[in-house]
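Undergrad: Take a look at final_34.cif, mmCIF, C-alpha atoms:
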```cif
data_data
loop_
_atom_site.label_atom_id
_atom_site.label_comp_id
_atom_site.auth_asym_id
_atom_site.auth_seq_id
_atom_site.Cartn_x
_atom_site.Cartn_y
_atom_site.Cartn_z
CA ARG A 1 -10.55 75.20 48.55
CA LEU A 2 -8.59 72.19 47.25
CA HIS A 3 -9.12 73.39 43.67
CA ARG A 4 -7.70 76.82 44.51
CA THR A 5 -4.61 75.19 46.04
CA LYS A 6 -3.91 73.25 42.83
CA ILE A 7 -4.25 76.38 40.73
CA ALA A 8 -2.00 78.32 43.06
CA MET A 9 0.67 75.59 42.85
CA GLY A 10 0.59 75.74 39.08
CA GLU A 11 -0.50 72.15 38.39
CA ASP A 12 -2.75 73.19 35.53
CA ALA A 13 0.24 74.75 33.74
CA GLU A 14 2.03 71.35 33.61
CA LYS A 15 -0.65 69.66 31.49
CA PRO A 16 0.65 69.07 27.96
CA GLN A 17 -1.21 70.86 25.24
CA PRO A 18 -2.55 68.81 22.31
CA ARG A 19 -0.14 70.62 19.99
CA ASP A 20 2.86 69.48 22.07
CA GLY A 21 1.85 65.82 21.60
CA LEU A 22 1.57 66.25 17.85
CA LEU A 23 4.99 67.92 17.64
CA ARG A 24 6.51 65.11 19.69
CA LYS A 25 5.01 62.44 17.41
CA VAL A 26 6.27 64.24 14.31
CA ALA A 27 9.75 64.55 15.83
CA ILE A 28 9.89 60.87 16.82
CA THR A 29 8.64 59.76 13.40
CA SER A 30 11.20 61.98 11.68
CA LEU A 31 14.00 60.56 13.82
CA ARG A 32 12.90 57.00 13.07
CA LEU A 33 12.82 57.74 9.34
CA LEU A 34 16.30 59.26 9.52
CA GLY A 35 17.47 56.19 11.43
CA VAL A 36 16.11 53.82 8.79
CA LEU A 37 17.67 55.86 5.98
CA GLY A 38 20.98 56.01 7.88
CA ALA A 39 20.96 52.24 8.40
CA LEU A 40 20.20 51.65 4.72
CA TYR A 41 23.05 53.97 3.74
CA ALA A 42 25.43 52.16 6.12
CA PHE A 43 24.39 48.79 4.66
CA LEU A 44 24.91 49.91 1.06
CA PHE A 45 28.19 51.60 1.96
CA GLY A 46 29.33 48.38 3.64
CA LEU A 47 28.51 46.32 0.55
CA ASP A 48 30.38 48.80 -1.64
CA LEU A 49 33.34 48.75 0.73
CA MET A 50 33.34 44.95 0.72
CA GLY A 51 33.31 44.93 -3.09
CA MET A 52 36.24 47.34 -3.20
CA ALA A 53 38.12 45.22 -0.67
CA PHE A 54 37.63 42.13 -2.80
CA LYS A 55 38.88 44.05 -5.82
CA ALA A 56 41.95 45.21 -3.90
CA LEU A 57 42.69 41.79 -2.43
CA GLY A 58 41.64 39.94 -5.53
CA GLY A 59 43.94 38.97 -8.22
CA LYS A 60 44.68 35.76 -9.96
CA GLY A 61 45.18 34.02 -6.62
CA ALA A 62 41.80 35.00 -5.20
CA GLY A 63 40.10 34.17 -8.49
CA MET A 64 41.71 30.74 -8.49
CA LEU A 65 40.35 30.15 -4.99
CA PHE A 66 36.84 30.08 -6.42
CA SER A 67 37.64 28.00 -9.49
CA ILE A 68 36.20 25.00 -7.63
CA THR A 69 32.75 26.54 -8.05
CA ASP A 70 32.78 25.85 -11.80
CA ASN A 71 31.03 22.62 -10.87
CA PRO A 72 27.48 23.49 -9.69
CA ILE A 73 27.42 20.68 -7.11
CA ALA A 74 30.71 21.91 -5.64
CA GLY A 75 29.27 25.45 -5.54
CA LEU A 76 26.20 24.12 -3.76
CA MET A 77 28.40 22.41 -1.16
CA VAL A 78 30.49 25.59 -0.70
CA GLY A 79 27.27 27.52 0.00
CA ILE A 80 26.02 24.92 2.48
CA LEU A 81 29.36 24.71 4.29
CA SER A 82 29.90 28.46 4.48
CA THR A 83 26.41 29.04 5.86
CA VAL A 84 26.76 26.26 8.41
CA LEU A 85 30.10 27.68 9.56
CA VAL A 86 28.90 31.27 10.02
CA GLN A 87 25.29 30.31 10.94
CA SER A 88 23.97 33.08 8.70
CA SER A 89 22.82 32.79 5.13
CA SER A 90 22.70 36.58 4.94
CA THR A 91 26.41 36.81 5.69
CA SER A 92 27.45 34.17 3.19
CA THR A 93 25.12 35.60 0.53
CA SER A 94 26.49 39.11 1.13
CA ILE A 95 30.01 37.80 0.65
CA VAL A 96 28.98 36.14 -2.62
CA VAL A 97 27.34 39.38 -3.79
CA GLY A 98 30.55 41.25 -2.96
CA LEU A 99 32.60 38.72 -4.92
CA VAL A 100 30.30 39.01 -7.94
CA GLY A 101 30.42 42.81 -7.72
CA ALA A 102 34.22 42.72 -7.61
CA GLY A 103 34.34 40.46 -10.64
CA GLN A 104 35.99 37.62 -8.69
CA LEU A 105 33.04 35.29 -9.16
CA SER A 106 30.65 34.97 -12.08
CA VAL A 107 26.89 35.02 -11.64
CA HIS A 108 26.80 31.55 -13.20
CA ASN A 109 29.01 30.23 -10.39
CA ALA A 110 27.34 32.32 -7.68
CA VAL A 111 23.82 30.95 -8.17
CA PRO A 112 24.60 27.45 -6.79
CA ILE A 113 26.45 29.00 -3.84
CA VAL A 114 23.40 31.10 -2.93
CA MET A 115 21.18 28.03 -3.31
CA GLY A 116 23.56 26.18 -0.99
CA ALA A 117 23.31 29.02 1.51
CA ASN A 118 19.55 28.54 1.42
CA ILE A 119 19.97 24.87 2.32
CA GLY A 120 22.54 25.78 4.98
CA THR A 121 19.89 27.71 6.89
CA SER A 122 18.19 24.37 7.47
CA VAL A 123 20.93 23.41 9.91
CA THR A 124 20.35 26.62 11.86
CA ASN A 125 16.60 26.16 12.19
CA THR A 126 17.04 22.54 13.24
CA ILE A 127 19.47 23.62 15.98
CA VAL A 128 17.00 26.27 17.15
CA SER A 129 14.18 23.73 17.25
CA MET A 130 16.30 21.55 19.55
CA ALA A 131 16.11 24.32 22.16
CA HIS A 132 12.63 23.00 23.02
CA VAL A 133 13.95 19.62 24.11
CA GLY A 134 12.56 20.13 27.64
CA GLU A 135 8.94 20.20 26.46
CA ARG A 136 7.92 17.25 24.28
CA LEU A 137 4.96 18.97 22.58
CA GLU A 138 6.93 22.14 21.85
CA LEU A 139 9.82 20.06 20.48
CA GLU A 140 7.48 18.17 18.15
CA ARG A 141 5.98 21.39 16.83
CA ALA A 142 9.33 23.18 16.47
CA PHE A 143 11.01 20.20 14.81
CA SER A 144 8.03 19.74 12.48
CA GLY A 145 8.27 23.37 11.40
CA ALA A 146 12.02 23.05 10.91
CA THR A 147 11.57 19.89 8.84
CA VAL A 148 8.98 21.55 6.61
CA HIS A 149 11.40 24.45 6.07
CA ASP A 150 14.22 21.99 5.31
CA MET A 151 12.15 20.08 2.77
CA PHE A 152 10.96 23.26 1.09
CA ASN A 153 14.56 24.48 0.68
CA MET A 154 15.86 21.14 -0.54
CA LEU A 155 13.01 20.53 -2.98
CA SER A 156 13.41 24.06 -4.34
CA VAL A 157 17.09 23.47 -4.99
CA ILE A 158 16.47 20.00 -6.45
CA THR A 159 13.95 21.58 -8.83
CA LEU A 160 15.69 24.85 -9.72
CA LEU A 161 19.38 23.93 -9.82
CA PRO A 162 19.11 21.54 -12.80
CA ILE A 163 16.98 24.09 -14.66
CA GLU A 164 19.56 26.80 -13.96
CA VAL A 165 22.45 24.58 -15.04
CA LEU A 166 20.70 23.62 -18.28
CA VAL A 167 19.29 26.97 -19.42
CA ASP A 168 20.83 29.71 -17.25
CA ALA A 169 17.31 30.91 -16.47
CA ILE A 170 18.22 33.02 -13.44
CA GLN A 171 20.97 34.84 -15.31
CA GLY A 172 18.57 35.68 -18.09
CA GLN A 173 20.94 34.33 -20.73
CA GLY A 174 18.48 31.77 -22.10
CA GLY A 175 21.06 29.08 -22.73
CA HIS A 176 24.69 28.86 -23.76
#
```
Please express what this file holds, its structure, as structure tokens.
TA:
Amino acid sequence: RLHRTKIAMGEDAEKPQPRDGLLRKVAITSLRLLGVLGALYAFLFGLDLMGMAFKALGGKGAGMLFSITDNPIAGLMVGILSTVLVQSSSTSTSIVVGLVGAGQLSVHNAVPIVMGANIGTSVTNTIVSMAHVGERLELERAFSGATVHDMFNMLSVITLLPIEVLVDAIQGQGGH
């Protein structure tokens, strides 16, 4: 009798069919793919817009602003300082890419800035590791990981920057 009551109330009609589940998964996957493609388009459009803005704002004055980066050590320090100030190596690297795309900064001068941005991330990860100050063991592990990251970045720059300055290896020019 209970079974008849359920059928009469239409509860069996509410059960999703296997085909409905497949259609829903396809729709969700399609929407996710469109979202990823839309985000990629927005990112590339933003970089293009930033490059055009640097071209519009740039002139001799803006180009002179980056004349300090002719010295690789000064470029390295600019990269470190800019990354520490904005707490994001992605932001400072994107700005450098926009400047190179706009012709306001040469690739030769941009390489040390990007390397400096890589070192600047070390400050961020050290600050994050300090968040574990309440737990001694967690602090030791977090600070150890941050220190390993710091040393890797610094040793990479100490190794690669002189090679880049001497032979322009990253630019692909093979020397002066």
Undergrad: Would you list the contacts of Thr93 in chain A as a ChimeraX atom specification, taking every protein, DNA or RNA residue within 9 Å and counting all atoms listed in the file, but skipping same-chain residues closer than 3 positions in sequence?
TA: /A:79,83,88-90,96-98,113-114,117
Undergrad: Just how far from CA of Asn153 in chain A is CA of Thr69 in chain A, in Å to one decimal?
TA: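 Atom-to-atom, CA of Thr69 in chain A and CA of Asn153 in chain A are spaced 20.3 Å apart.
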Undergrad: Would you mind reading off the distance between CA of Tyr41 in chain A and CA of Val107 in chain A, one decimal, in Å?
TA: 24.7 Å
Undergrad: Applied to this file, what does the PyMOL selection byres ((chain A and resi 44-47) around 12) return in terms of residues, put as a VMD selection string?
TA: chain A and resid 37 to 43 48 to 54 91 93 to 102
Undergrad: Any chance you could work out the axis-aligned box around range 78-85 of chain A, listed atoms only, 6 Å on each side, giving centre and edge lengths in Å to one decimal, as JSON?
TA:
```
{"center_x": 28.3, "center_y": 26.9, "center_z": 4.4, "size_x": 16.5, "size_y": 16.3, "size_z": 22.3}
```
Undergrad: Which residues would end up in the selection if the PyMOL selection byres ((chain A and resi 124) around 10) were applied here, given that I need the answer as a list in words?
TA: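 Matching residues under the PyMOL selection byres ((chain A and resi 124) around 10) are Thr83, Val84, Val86, Gln87, Ser88, Ser89, Ile119, Gly120, Thr121, Ser122, Val123, Asn125, Thr126, Ile127, Val128, Ser129 and Ala146 of chain A.
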Undergrad: Between CA of Pro72 in chain A and CA of Pro112 in chain A, measure the distance and give it in Å to one decimal.
TA: 5.7 Å
Undergrad: I'd like to know which of A:Ala110, A:Ile163, A:Thr147, A:Leu85 is closest to Met130 in chain A, using only C-alpha atoms.
TA: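 Nearest to Met130 in chain A: A:Thr147.
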Undergrad: As an MDAnalysis selection string, please: the residues near Val157 in chain A (cut-off 10 Å, all atoms listed in the file, same-chain neighbours under 3 positions excluded).
TA: chainID A and resid 76 112 115:116 118:119 151:154 160:164
